[in-house]
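Chemist: My structure is in input_18.cif, and what it holds is mmCIF, C-alpha atoms:
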data_model
#
loop_
_atom_site.label_atom_id
_atom_site.label_comp_id
_atom_site.auth_asym_id
_atom_site.auth_seq_id
_atom_site.Cartn_x
_atom_site.Cartn_y
_atom_site.Cartn_z
CA MET A 1 33.81 34.36 20.43
CA ASN A 2 30.44 32.68 21.01
CA ARG A 3 31.03 28.97 21.64
CA PHE A 4 28.34 27.90 19.17
CA VAL A 5 30.08 29.90 16.45
CA VAL A 6 33.33 28.16 17.38
CA ALA A 7 31.63 24.76 17.08
CA GLU A 8 30.04 25.67 13.75
CA ARG A 9 33.36 26.89 12.33
CA ALA A 10 35.17 23.76 13.51
CA LEU A 11 32.66 21.54 11.70
CA ARG A 12 32.64 23.58 8.51
CA THR A 13 36.45 23.53 8.25
CA ALA A 14 37.00 19.89 9.22
CA ALA A 15 38.02 17.28 6.66
CA PRO A 16 35.04 15.15 5.56
CA HIS A 17 36.23 12.05 7.44
CA GLN A 18 37.09 14.04 10.60
CA LEU A 19 33.71 15.55 11.53
CA LEU A 20 33.38 13.38 14.63
CA ASP A 21 36.92 14.29 15.75
CA ALA A 22 36.11 17.96 15.23
CA VAL A 23 32.85 17.88 17.18
CA ARG A 24 34.51 15.89 19.98
CA ARG A 25 37.30 18.43 20.28
CA VAL A 26 35.10 21.50 20.28
CA LEU A 27 32.48 20.07 22.64
CA THR A 28 35.22 19.05 25.07
CA GLU A 29 36.84 22.48 24.96
CA GLN A 30 33.74 24.68 24.82
CA TYR A 31 31.08 22.64 26.65
CA ALA A 32 33.17 20.52 29.06
CA ALA A 33 31.89 17.31 27.41
CA ASP A 34 33.35 14.10 28.75
CA SER A 35 32.47 11.83 25.82
CA VAL A 36 30.92 12.37 22.38
CA GLU A 37 29.59 9.69 20.01
CA LEU A 38 27.76 9.92 16.70
CA PHE A 39 25.28 7.18 15.74
CA MET A 40 23.74 6.80 12.27
CA ALA A 41 20.36 5.14 11.64
CA ASP A 42 20.84 1.90 9.72
CA TYR A 43 19.08 1.23 6.43
CA GLY A 44 16.43 -0.88 8.13
CA LEU A 45 15.71 1.81 10.78
CA THR A 46 16.16 -0.80 13.51
CA VAL A 47 19.43 0.29 15.14
CA LEU A 48 21.68 3.32 15.52
CA GLN A 49 25.17 2.40 14.33
CA PRO A 50 28.29 4.08 15.77
CA VAL A 51 30.44 6.12 13.41
CA SER A 52 33.95 4.68 13.47
CA VAL A 53 36.51 3.24 11.11
CA LEU A 54 35.62 -0.37 10.30
CA PRO A 55 35.37 -2.69 12.11
CA HIS A 56 33.04 -0.90 14.55
CA THR A 57 34.29 -0.93 18.14
CA LEU A 58 31.03 0.21 19.77
CA GLU A 59 27.83 -1.80 19.82
CA PRO A 60 24.80 -0.46 17.95
CA VAL A 61 21.84 0.68 20.04
CA PRO A 62 18.23 -0.20 19.21
CA VAL A 63 15.99 2.49 17.77
CA HIS A 64 12.88 1.39 19.64
CA SER A 65 14.17 0.68 23.16
CA SER A 66 17.05 3.02 24.00
CA PRO A 67 17.49 6.62 25.17
CA ALA A 68 19.23 7.51 21.91
CA GLY A 69 16.39 5.87 19.99
CA ARG A 70 13.90 7.94 21.97
CA ALA A 71 15.60 11.14 20.82
CA PHE A 72 15.66 9.81 17.26
CA GLY A 73 11.96 8.90 17.23
CA ALA A 74 10.66 12.01 18.99
CA GLN A 75 13.12 14.33 17.23
CA GLU A 76 13.71 16.09 20.55
CA PRO A 77 16.76 16.09 22.85
CA PHE A 78 16.54 13.43 25.55
CA VAL A 79 18.54 13.79 28.76
CA GLU A 80 19.59 10.88 30.96
CA THR A 81 20.37 12.25 34.40
CA ALA A 82 22.30 10.36 37.07
CA ASP A 83 21.11 10.03 40.66
CA GLY A 84 22.60 12.67 42.94
CA GLY A 85 23.11 15.29 40.23
CA GLY A 86 26.18 13.76 38.57
CA PRO A 87 27.07 13.81 34.87
CA ALA A 88 24.24 13.54 32.36
CA ARG A 89 24.04 11.92 28.95
CA VAL A 90 22.32 14.09 26.33
CA HIS A 91 21.01 12.52 23.11
CA LEU A 92 20.46 14.98 20.25
CA PRO A 93 18.73 14.21 16.92
CA VAL A 94 20.93 14.75 13.87
CA THR A 95 18.43 15.83 11.23
CA VAL A 96 18.58 17.84 8.00
CA ARG A 97 15.32 19.43 6.81
CA GLY A 98 13.33 16.59 8.27
CA ASP A 99 15.61 13.81 7.02
CA ARG A 100 16.54 11.88 10.17
CA LEU A 101 20.19 10.79 9.97
CA GLY A 102 21.03 9.71 13.51
CA VAL A 103 21.83 10.87 17.04
CA LEU A 104 24.71 12.74 18.68
CA SER A 105 25.23 11.50 22.27
CA VAL A 106 27.19 13.75 24.65
CA THR A 107 28.12 13.27 28.33
CA LEU A 108 28.12 16.57 30.24
CA PRO A 109 28.37 17.84 33.81
CA GLY A 110 24.93 18.10 35.40
CA GLY A 111 23.19 20.99 37.15
CA ASP A 112 23.09 24.53 35.82
CA HIS A 113 25.76 23.80 33.23
CA LEU A 114 23.49 21.22 31.60
CA ARG A 115 20.38 23.41 31.56
CA GLY A 116 22.24 26.17 29.83
CA CYS A 117 23.62 24.26 26.88
CA VAL A 118 21.12 21.62 25.65
CA ALA A 119 19.46 24.04 23.22
CA GLU A 120 22.86 25.11 21.84
CA LEU A 121 23.98 21.50 21.49
CA ALA A 122 20.79 20.71 19.56
CA GLU A 123 21.83 23.40 17.06
CA VAL A 124 25.35 21.95 16.89
CA ALA A 125 23.79 18.57 16.04
CA GLN A 126 21.86 20.21 13.18
CA VAL A 127 25.04 21.76 11.79
CA LEU A 128 26.74 18.37 12.09
CA GLY A 129 23.92 16.81 10.07
CA HIS A 130 24.38 19.29 7.23
CA GLU A 131 28.12 18.66 7.21
CA VAL A 132 27.60 14.87 7.14
CA ILE A 133 25.40 15.22 4.03
CA VAL A 134 28.08 17.30 2.30
CA ALA A 135 30.89 15.00 3.48
CA GLU A 136 29.22 11.92 1.97
CA ARG A 137 30.30 13.17 -1.44
CA ASP A 138 33.94 12.65 -0.45
CA THR A 139 34.04 9.82 2.10
CA ASP A 140 32.28 6.49 2.69
CA LEU A 141 32.65 6.71 6.48
CA TYR A 142 29.07 7.74 7.23
CA LEU A 143 27.53 5.46 4.61
CA GLN A 144 29.46 2.53 6.09
CA ALA A 145 28.16 3.43 9.53
CA ARG A 146 24.58 3.00 8.29
CA ARG A 147 25.14 -0.69 7.51
CA ARG A 148 24.13 -3.35 9.96
CA ASP A 149 24.71 -5.95 7.23
CA ARG A 150 26.19 -5.92 3.78
CA LEU A 151 24.01 -4.45 1.03
CA THR A 152 23.42 -6.38 -2.16
CA LEU A 153 24.62 -4.59 -5.28
CA ALA A 154 21.01 -3.97 -6.33
CA ALA A 155 20.25 -2.42 -2.94
CA GLU A 156 23.40 -0.28 -3.12
CA MET A 157 22.17 1.16 -6.40
CA GLN A 158 18.67 1.76 -5.08
CA TRP A 159 19.69 3.54 -1.87
CA GLN A 160 22.07 5.81 -3.79
CA LEU A 161 19.15 6.75 -6.05
CA LEU A 162 16.84 7.90 -3.23
CA PRO A 163 16.42 11.55 -2.19
CA GLY A 164 16.34 10.65 1.54
CA ARG A 165 13.86 8.90 3.81
CA SER A 166 11.99 11.87 5.19
CA CYS A 167 11.46 15.54 4.47
CA LYS A 168 9.67 18.36 6.28
CA ARG A 169 8.36 21.73 5.20
CA PRO A 170 5.60 23.94 6.60
CA GLU A 171 3.18 22.68 3.94
CA TYR A 172 3.87 18.93 4.29
CA GLU A 173 5.82 16.14 5.92
CA LEU A 174 7.10 13.09 4.04
CA GLY A 175 8.39 9.72 5.23
CA ALA A 176 9.33 6.60 3.26
CA GLN A 177 10.93 3.22 3.75
CA LEU A 178 11.89 0.19 1.64
CA GLU A 179 12.05 -3.46 2.67
CA PRO A 180 14.06 -5.68 2.65
CA ALA A 181 16.38 -2.76 3.33
CA TYR A 182 19.59 -4.67 2.56
CA ALA A 183 18.31 -6.54 -0.49
CA ILE A 184 15.81 -4.21 -2.19
CA PHE A 185 15.77 -4.30 -5.98
CA GLY A 186 12.83 -2.76 -7.91
CA ASP A 187 10.73 -0.45 -5.72
CA ASN A 188 11.68 3.19 -5.40
CA PHE A 189 10.44 6.67 -4.51
CA ASP A 190 11.57 10.13 -5.48
CA TRP A 191 10.53 13.68 -4.64
CA SER A 192 11.53 17.23 -5.44
CA ALA A 193 10.14 20.57 -4.27
CA THR A 194 10.24 24.17 -5.45
CA ALA A 195 8.76 27.28 -3.86
CA ASP A 196 5.30 26.36 -5.16
CA HIS A 197 5.26 22.66 -6.09
CA LEU A 198 6.06 19.21 -4.72
CA MET A 199 6.60 16.38 -7.19
CA LEU A 200 6.40 12.84 -5.84
CA TYR A 201 6.96 9.54 -7.68
CA VAL A 202 6.32 6.06 -6.31
CA THR A 203 7.67 3.31 -8.59
CA ASN A 204 7.65 -0.47 -8.88
CA GLY A 205 10.03 -1.96 -11.43
CA MET A 206 9.46 -5.50 -12.67
CA GLY A 207 12.01 -8.25 -12.23
CA GLU A 208 14.45 -9.17 -9.50
CA GLY A 209 17.95 -8.36 -8.37
CA ILE A 210 20.32 -6.25 -10.42
CA GLU A 211 18.05 -6.27 -13.52
CA ALA A 212 15.19 -4.67 -11.59
CA SER A 213 17.56 -2.10 -10.11
CA LEU A 214 18.96 -1.19 -13.53
CA LEU A 215 15.44 -0.73 -14.89
CA THR A 216 14.47 1.53 -11.98
CA ASN A 217 17.67 3.57 -12.29
CA LEU A 218 17.00 4.16 -15.98
CA ALA A 219 13.38 5.18 -15.39
CA ILE A 220 14.02 7.46 -12.39
CA ASN A 221 16.85 9.27 -14.14
CA ALA A 222 14.69 9.68 -17.26
CA LEU A 223 11.92 11.18 -15.10
CA ARG A 224 14.40 13.50 -13.39
CA ASN A 225 15.85 14.57 -16.73
CA ALA A 226 12.38 15.51 -17.99
CA ARG A 227 11.41 17.19 -14.70
CA ARG A 228 14.59 19.26 -14.61
CA ALA A 229 13.85 20.40 -18.17
CA GLY A 230 10.66 21.98 -16.76
CA LEU A 231 8.23 19.61 -18.49
CA PRO A 232 4.73 18.97 -17.08
CA LEU A 233 3.87 15.63 -15.46
CA ALA A 234 2.31 13.90 -18.49
CA ASP A 235 5.30 14.80 -20.68
CA GLN A 236 7.69 13.53 -18.02
CA ALA A 237 5.90 10.18 -18.13
CA ALA A 238 5.96 10.11 -21.94
CA LEU A 239 9.69 10.80 -22.19
CA ALA A 240 10.54 8.26 -19.51
CA ASP A 241 8.31 5.76 -21.29
CA GLN A 242 10.27 6.31 -24.51
CA ALA A 243 13.60 5.92 -22.71
CA VAL A 244 12.59 2.61 -21.12
CA TYR A 245 11.04 1.25 -24.33
CA ALA A 246 14.07 2.26 -26.42
CA HIS A 247 16.30 0.16 -24.18
CA TYR A 248 14.09 -2.85 -23.40
CA ARG A 249 11.71 -2.90 -26.41
CA GLY A 250 8.80 -3.87 -24.17
CA ARG A 251 10.52 -6.80 -22.42
CA CYS A 252 10.65 -4.86 -19.13
CA TYR A 253 8.55 -1.99 -17.87
CA LEU A 254 8.01 0.03 -14.75
CA SER A 255 4.84 0.99 -12.86
CA VAL A 256 4.71 4.49 -11.43
CA LEU A 257 2.28 6.74 -9.58
CA MET A 258 3.25 10.38 -10.21
CA PHE A 259 2.01 13.52 -8.42
CA ASP A 260 2.57 17.23 -8.89
CA PHE A 261 1.14 19.08 -5.85
CA GLU A 262 0.54 22.83 -5.85
CA LEU A 263 1.61 23.92 -2.38
CA GLY A 264 -0.56 27.02 -2.21
CA THR A 265 -3.88 25.37 -3.10
CA GLY A 266 -3.57 21.60 -2.59
CA ARG A 267 -4.48 21.01 -6.22
CA ALA A 268 -2.56 18.15 -7.78
CA TRP A 269 -2.02 16.53 -11.14
CA VAL A 270 -1.66 12.75 -11.23
CA VAL A 271 -0.43 10.15 -13.70
CA ASP A 272 -1.28 6.59 -12.65
CA ALA A 273 0.84 4.25 -14.76
CA GLY A 274 0.78 0.96 -12.90
CA SER A 275 0.49 -0.82 -9.61
CA PRO A 276 1.39 1.49 -6.65
CA GLN A 277 -1.75 2.23 -4.61
CA LEU A 278 -2.92 5.26 -2.62
CA LEU A 279 -4.98 5.29 0.57
CA ARG A 280 -6.17 8.53 2.18
CA LEU A 281 -6.92 9.17 5.84
CA ARG A 282 -9.30 12.11 6.12
CA GLY A 283 -11.52 12.93 9.07
CA GLY A 284 -10.87 9.58 10.72
CA VAL A 285 -11.88 7.59 7.62
CA VAL A 286 -9.49 5.61 5.41
CA GLU A 287 -10.39 5.08 1.77
CA ARG A 288 -8.57 3.84 -1.29
CA ILE A 289 -8.21 6.50 -3.99
CA THR A 290 -8.29 5.29 -7.56
CA PHE A 291 -7.34 7.06 -10.76
CA GLU A 292 -7.70 6.28 -14.45
CA ALA A 293 -5.22 3.48 -15.05
CA GLN A 294 -2.65 4.06 -17.79
CA LEU A 295 0.07 1.84 -19.20
CA PRO A 296 3.32 1.26 -17.27
CA LEU A 297 6.40 3.05 -18.58
CA GLY A 298 8.11 1.18 -21.41
CA MET A 299 5.39 -1.38 -22.14
CA PHE A 300 4.64 -0.03 -25.63
CA GLU A 301 6.24 2.47 -27.97
CA GLU A 302 5.23 6.16 -27.78
CA THR A 303 2.44 5.85 -25.23
CA ASP A 304 0.53 9.08 -24.54
CA TYR A 305 -0.18 9.96 -20.90
CA VAL A 306 -2.86 12.23 -19.48
CA ALA A 307 -2.64 13.96 -16.09
CA GLN A 308 -5.75 13.84 -13.91
CA ARG A 309 -6.82 16.36 -11.28
CA PHE A 310 -6.77 15.59 -7.56
CA GLN A 311 -7.33 17.71 -4.45
CA VAL A 312 -5.75 17.39 -1.01
CA GLU A 313 -6.99 19.19 2.09
CA PRO A 314 -5.11 20.31 5.21
CA GLY A 315 -5.03 17.39 7.65
CA ASP A 316 -5.03 14.71 4.93
CA ARG A 317 -2.65 11.79 5.30
CA LEU A 318 -1.79 10.01 2.02
CA VAL A 319 -0.23 6.55 2.24
CA PHE A 320 1.32 5.04 -0.88
CA VAL A 321 2.11 1.32 -1.00
CA SER A 322 3.56 -1.07 -3.56
CA ASP A 323 2.19 -4.50 -4.41
CA GLY A 324 4.76 -5.93 -2.00
CA VAL A 325 2.50 -4.53 0.74
CA TYR A 326 -1.12 -4.92 -0.31
CA ALA A 327 -0.66 -8.27 -2.11
CA VAL A 328 1.43 -10.02 0.57
CA ALA A 329 -0.14 -13.31 1.67
CA SER A 330 -0.34 -14.70 5.19
CA PRO A 331 0.78 -18.29 5.91
CA GLY A 332 -2.85 -19.26 5.26
CA GLY A 333 -2.90 -17.53 1.87
CA GLU A 334 -4.92 -14.42 2.85
CA ALA A 335 -3.79 -11.23 1.07
CA TYR A 336 -3.01 -8.22 3.25
CA GLY A 337 -5.50 -6.08 1.35
CA ASP A 338 -7.51 -2.95 2.11
CA ALA A 339 -9.00 -4.07 5.43
CA ALA A 340 -5.63 -4.80 7.04
CA LEU A 341 -4.10 -1.64 5.55
CA THR A 342 -6.97 0.43 6.92
CA ARG A 343 -6.46 -0.99 10.41
CA ALA A 344 -2.71 -0.35 10.21
CA ILE A 345 -3.18 3.23 9.01
CA MET A 346 -5.67 3.94 11.79
CA SER A 347 -3.41 2.39 14.44
CA THR A 348 -0.51 4.65 13.35
CA ARG A 349 -2.53 7.84 12.87
CA LEU A 350 -0.86 9.62 15.82
CA LEU A 351 2.69 8.93 14.59
CA PRO A 352 4.57 11.56 12.56
CA ALA A 353 4.87 10.87 8.85
CA ALA A 354 8.53 9.83 9.15
CA GLU A 355 7.60 7.05 11.62
CA VAL A 356 4.60 5.66 9.74
CA PRO A 357 6.33 3.65 6.96
CA ARG A 358 8.45 1.60 9.37
CA ALA A 359 5.46 1.03 11.67
CA LEU A 360 3.32 -0.22 8.75
CA LEU A 361 6.10 -2.52 7.59
CA ARG A 362 6.34 -4.01 11.11
CA GLU A 363 2.59 -4.72 10.94
CA LEU A 364 3.15 -6.36 7.56
CA THR A 365 5.84 -8.64 9.00
CA GLY A 366 3.32 -9.93 11.53
CA HIS A 367 0.81 -10.70 8.78
CA ARG A 368 3.43 -12.36 6.60
CA GLY A 369 4.49 -14.63 9.45
CA LYS A 370 8.19 -14.53 8.57
CA PRO A 371 10.82 -11.77 8.83
CA ALA A 372 12.14 -11.87 5.26
CA PRO A 373 9.71 -10.80 2.50
CA ASP A 374 9.55 -12.54 -0.87
CA ASP A 375 9.00 -9.25 -2.70
CA ASP A 376 9.98 -5.60 -2.30
CA ALA A 377 7.73 -3.60 0.01
CA LEU A 378 7.51 0.18 -0.15
CA VAL A 379 5.53 2.63 2.00
CA VAL A 380 5.46 6.41 1.55
CA CYS A 381 3.48 8.66 3.91
CA LEU A 382 2.59 12.28 3.07
CA ASP A 383 0.97 14.50 5.70
CA TRP A 384 -0.54 17.57 4.05
CA ARG A 385 -0.57 20.74 6.15
CA GLY A 386 -1.32 23.27 3.44
CA ARG A 387 -0.16 26.83 3.21
CA PRO A 388 -1.87 29.38 5.50
CA LEU A 389 -4.01 31.85 3.57
#
As C-alpha cells, how would this structure be written, given the file I've shared?
Modeler:
Amino acid sequence: MNRFVVAERALRTAAPHQLLDAVRRVLTEQYAADSVELFMADYGLTVLQPVSVLPHTLEPVPVHSSPAGRAFGAQEPFVETADGGGPARVHLPVTVRGDRLGVLSVTLPGGDHLRGCVAELAEVAQVLGHEVIVAERDTDLYLQARRRDRLTLAAEMQWQLLPGRSCKRPEYELGAQLEPAYAIFGDNFDWSATADHLMLYVTNGMGEGIEASLLTNLAINALRNARRAGLPLADQAALADQAVYAHYRGRCYLSVLMFDFELGTGRAWVVDAGSPQLLRLRGGVVERITFEAQLPLGMFEETDYVAQRFQVEPGDRLVFVSDGVYAVASPGGEAYGDAALTRAIMSTRLLPAAEVPRALLRELTGHRGKPAPDDDALVVCLDWRGRPL
C-alpha cells in the first residue's frame, strides 16, 4: 500500500488526543523518521508551542527567528541540512484552507531519501491539519498548546467565536488578528463563503471585559442566525439590531462594518453601522474608503438599515481596522491616524494577507510606546484576486 495512504489512514482512525502519536508512528515506520514534533501557533502569533500534555516539556520556538517559523511564515517546507550529508530536519506548514495552524517538524535521513519524500510529507501535514480541526471538538489538547499564557474568560469566549485567522480561495485571501491576544474583549471578525459570495463582518463592541464579550457574542450569533436564514445584508443588520436592543434596551450597542462580496464580479453590498474603518491599497495608492454612516446595532429600537454598493478590483488590498488601531495615541498624545496607517500598509504591501495584520500590529506597538494596549486592536486584511473570466 502507498505509504501516504497508510499515513492518511492512521491519522483518520486515530483518537482525537492521539494524532501526534499516530503521525510519529507512521512517519517512523514508513519514512524512517527519527523524531517528529507538532507545534501550534500561539494566540499572539509570536511563538510556536509544542503539542504535549501539560505542562509542556519542550520549549516554544519563535515565529520570526527560527527554521520552523520560516516554514510557518512562507507556508513552504523548509529543510535544515547537516554538514556532511547527515540527517536533516524538515519543517512543514500545518494549514487548512489557508488557516495557518502550526508546523510539523520531522528529522529524516539525508540524501536521496530526503529528496523523495518532502512533497509527500507536506501532504501528510495538510491531512494532520484537517484532523486537528476535527479533533478540537473532542479534546482540549491542541487548544491548550496554542496558549503561551492564560486567556482571560472574555478572551476565551472571543477566540471560540472566531472562524479562524486566515482563509484562502482562488478569488481572495483573508488574514486577521486581535490584540491583546490573551485579554481581548470587544473586537471581533467573522466571515463565511459560498460558491458565489463572501460575507465579512468587522465588529467593535462597547465596554470592557466579560460584558463586552457577552455583547459581541450576542450580536455575532444574531448576525449568523440571520445570515443562515438566507437574509440579505441589510435585514441581517436589522435583526441583529433588534436582538441587541431587546436585551440591553440601548444601554450597550455594537459597531459593525458588514460586506457581502459577489465573487464573480467584485460587486459588494455594504452596511456601515459604526466605527471600524476601511483603507484600500490600489495601484500603489492607499486611501480611506467611507460609506454612509448608520447607527450601531442596538442603539435604538427597530432601526432600518440600507446596503450601499461598492466595487473591488483584482489586485485590491482592503485593510479593516478598529478604533483600537487608528485612535491609539503615542506617548506624546499623537493619534496613529491615516498617515501612519498608510505608511504601515505600504511597508507591508509585499507580505501575504495572513501576515499583514500581525505586521501592522507590531508597527502599532512601536507608535504606542508600550507593549500592552489600553484598548482592543483588530486588523483584517483582504486581498482580492477576482474570478478569471
Chemist: Give one line per residue of range 27-130 of chain A that approaches range 169-181 of chain A to at most 10 Å, naming the two atoms of the closest pair and their distance in Å to one decimal, counting all atoms listed in the file; sort by chain then ascending residue number and deliver it as a tab-separated table.
Modeler:
residue	atom	partner	partner_atom	distance
A:Asp42	CA	A:Ala181	CA	9.1
A:Tyr43	CA	A:Ala181	CA	5.7
A:Gly44	CA	A:Ala181	CA	5.2
A:Leu45	CA	A:Gln177	CA	8.6
A:Arg97	CA	A:Arg169	CA	7.5
A:Gly98	CA	A:Arg169	CA	7.8
A:Asp99	CA	A:Gly175	CA	8.5
A:Arg100	CA	A:Gly175	CA	9.8
Chemist: For the point (-0.7, 5.6, -21.6) in file coordinates, what residues are within 6 Å, counting only C-alpha atoms? Give the answer as a PDB file with C-alpha atoms, in the coordinates of the input?
Modeler:
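Output file part-v4.pdb is given in full below:
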ATOM      1  CA  GLN A 294      -2.650   4.060 -17.790  1.00  0.00           C
ATOM      2  CA  LEU A 295       0.070   1.840 -19.200  1.00  0.00           C
ATOM      3  CA  THR A 303       2.440   5.850 -25.230  1.00  0.00           C
ATOM      4  CA  ASP A 304       0.530   9.080 -24.540  1.00  0.00           C
ATOM      5  CA  TYR A 305      -0.180   9.960 -20.900  1.00  0.00           C
TER       6      TYR A 305
END
Chemist: Between A:Ser213, A:Thr46, A:Asn188, A:Ser35, which has the minimum distance to Pro60 in chain A (counting only C-alpha atoms)?
Modeler: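 Checking each of A:Ser213, A:Thr46, A:Asn188, A:Ser35 against Pro60 in chain A, counting only C-alpha atoms, the winner is A:Thr46.
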Chemist: State, in Å with one decimal place, the distance from CA of Pro67 in chain A to CA of Thr95 in chain A.
Modeler: 16.7 Å
Chemist: Could you list, as a PyMOL selection string, every residue within 7 Å of range 155-159 of chain A, counting all atoms listed in the file and ignoring same-chain residues fewer than 6 positions away?
Modeler: chain A and resi 182-185+213
Chemist: Go through the shown structure with the PyMOL selection byres ((chain A and resi 11-22) around 10) and write out the matching residues as a PyMOL selection string.
Modeler: chain A and resi 5-10+23-28+36-38+51-53+104+124+127-142
Chemist: Residues near Ser330 in chain A, anyone? I mean within 12 Å using all atoms listed in the file, not counting same-chain ones fewer than 6 positions away, as a tab-separated table (two decimals) with C-alpha atoms, in the frame of the given file.
Modeler:
chain	number	residue	atom	x	y	z
A	336	TYR	CA	-3.01	-8.22	3.25
A	337	GLY	CA	-5.50	-6.08	1.35
A	340	ALA	CA	-5.63	-4.80	7.04
A	363	GLU	CA	2.59	-4.72	10.94
A	364	LEU	CA	3.15	-6.36	7.56
A	365	THR	CA	5.84	-8.64	9.00
A	366	GLY	CA	3.32	-9.93	11.53
A	367	HIS	CA	0.81	-10.70	8.78
A	368	ARG	CA	3.43	-12.36	6.60
A	369	GLY	CA	4.49	-14.63	9.45
A	370	LYS	CA	8.19	-14.53	8.57
A	373	PRO	CA	9.71	-10.80	2.50
A	374	ASP	CA	9.55	-12.54	-0.87
Chemist: Could you check how far CA of Leu114 in chain A sits from CA of Gln49 in chain A, in Å to one decimal?
Modeler: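 Those two atoms sit 25.6 Å apart.
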Chemist: Around all listed atoms of range 303-319 of chain A, padded 4 Å per side, what centre and edge lengths does the axis-aligned box have in Å to one decimal, as JSON?
Modeler:
{"center_x": -2.4, "center_y": 13.1, "center_z": -8.8, "size_x": 17.8, "size_y": 22.5, "size_z": 40.9}
Chemist: Output the residue selection produced by the PyMOL selection byres ((chain A and resi 214-219) around 12) on the file above, formatted as a PyMOL selection string.
Modeler: chain A and resi 153-162+184-190+201-213+220-226+236-248+250-256+296-298
Chemist: To one decimal place, how far is CA of Glu301 in chain A from CA of Ala377 in chain A in Å?
Modeler: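 So the answer is 28.7 Å.
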Chemist: When the PyMOL selection byres ((chain A and resi 107) around 8) is applied to the file above, which residues end up in the set, as a list in words?
Modeler: Ala33, Asp34, Ser35, Val36, Pro87, Ala88, Arg89, Val90, Ser105, Val106, Leu108 and Pro109 of chain A
Chemist: Can you work out which one of A:Leu58, A:Ala119, A:Leu101, A:Leu200 has the shortest atom-to-atom distance to Val79 in chain A, counting only C-alpha atoms?
Modeler: A:Ala119
Chemist: Measuring atom to atom with all atoms listed in the file, identify which of A:Ala74, A:Leu151, A:Ala195, A:Ala273 is nearest to Leu233 in chain A.
Modeler: A:Ala273
Chemist: Could range 70-81 of chain A be completed with N, CA and C atoms and returned as an mmCIF file, in the coordinates of the input?
Modeler:
data_model
loop_
_atom_site.group_PDB
_atom_site.id
_atom_site.type_symbol
_atom_site.label_atom_id
_atom_site.label_comp_id
_atom_site.auth_asym_id
_atom_site.auth_seq_id
_atom_site.Cartn_x
_atom_site.Cartn_y
_atom_site.Cartn_z
ATOM 1 N N ARG A 70 15.008 7.049 21.583
ATOM 2 C CA ARG A 70 13.900 7.940 21.970
ATOM 3 C C ARG A 70 14.098 9.333 21.378
ATOM 4 N N ALA A 71 15.325 9.833 21.421
ATOM 5 C CA ALA A 71 15.600 11.140 20.820
ATOM 6 C C ALA A 71 15.408 11.080 19.306
ATOM 7 N N PHE A 72 15.808 9.966 18.699
ATOM 8 C CA PHE A 72 15.660 9.810 17.260
ATOM 9 C C PHE A 72 14.187 9.784 16.857
ATOM 10 N N GLY A 73 13.371 9.015 17.576
ATOM 11 C CA GLY A 73 11.960 8.900 17.230
ATOM 12 C C GLY A 73 11.177 10.163 17.489
ATOM 13 N N ALA A 74 11.402 10.802 18.632
ATOM 14 C CA ALA A 74 10.660 12.010 18.990
ATOM 15 C C ALA A 74 11.208 13.259 18.322
ATOM 16 N N GLN A 75 12.440 13.172 17.819
ATOM 17 C CA GLN A 75 13.120 14.330 17.230
ATOM 18 C C GLN A 75 13.210 15.489 18.222
ATOM 19 N N GLU A 76 13.492 15.128 19.469
ATOM 20 C CA GLU A 76 13.710 16.090 20.550
ATOM 21 C C GLU A 76 14.886 15.607 21.395
ATOM 22 N N PRO A 77 15.677 16.533 21.959
ATOM 23 C CA PRO A 77 16.760 16.090 22.850
ATOM 24 C C PRO A 77 16.204 15.286 24.026
ATOM 25 N N PHE A 78 16.925 14.236 24.389
ATOM 26 C CA PHE A 78 16.540 13.430 25.550
ATOM 27 C C PHE A 78 17.728 13.375 26.495
ATOM 28 N N VAL A 79 17.474 13.686 27.767
ATOM 29 C CA VAL A 79 18.540 13.790 28.760
ATOM 30 C C VAL A 79 18.416 12.659 29.763
ATOM 31 N N GLU A 80 19.492 11.891 29.900
ATOM 32 C CA GLU A 80 19.590 10.880 30.960
ATOM 33 C C GLU A 80 20.363 11.489 32.121
ATOM 34 N N THR A 81 19.712 11.661 33.233
ATOM 35 C CA THR A 81 20.370 12.250 34.400
ATOM 36 C C THR A 81 20.714 11.163 35.410
#
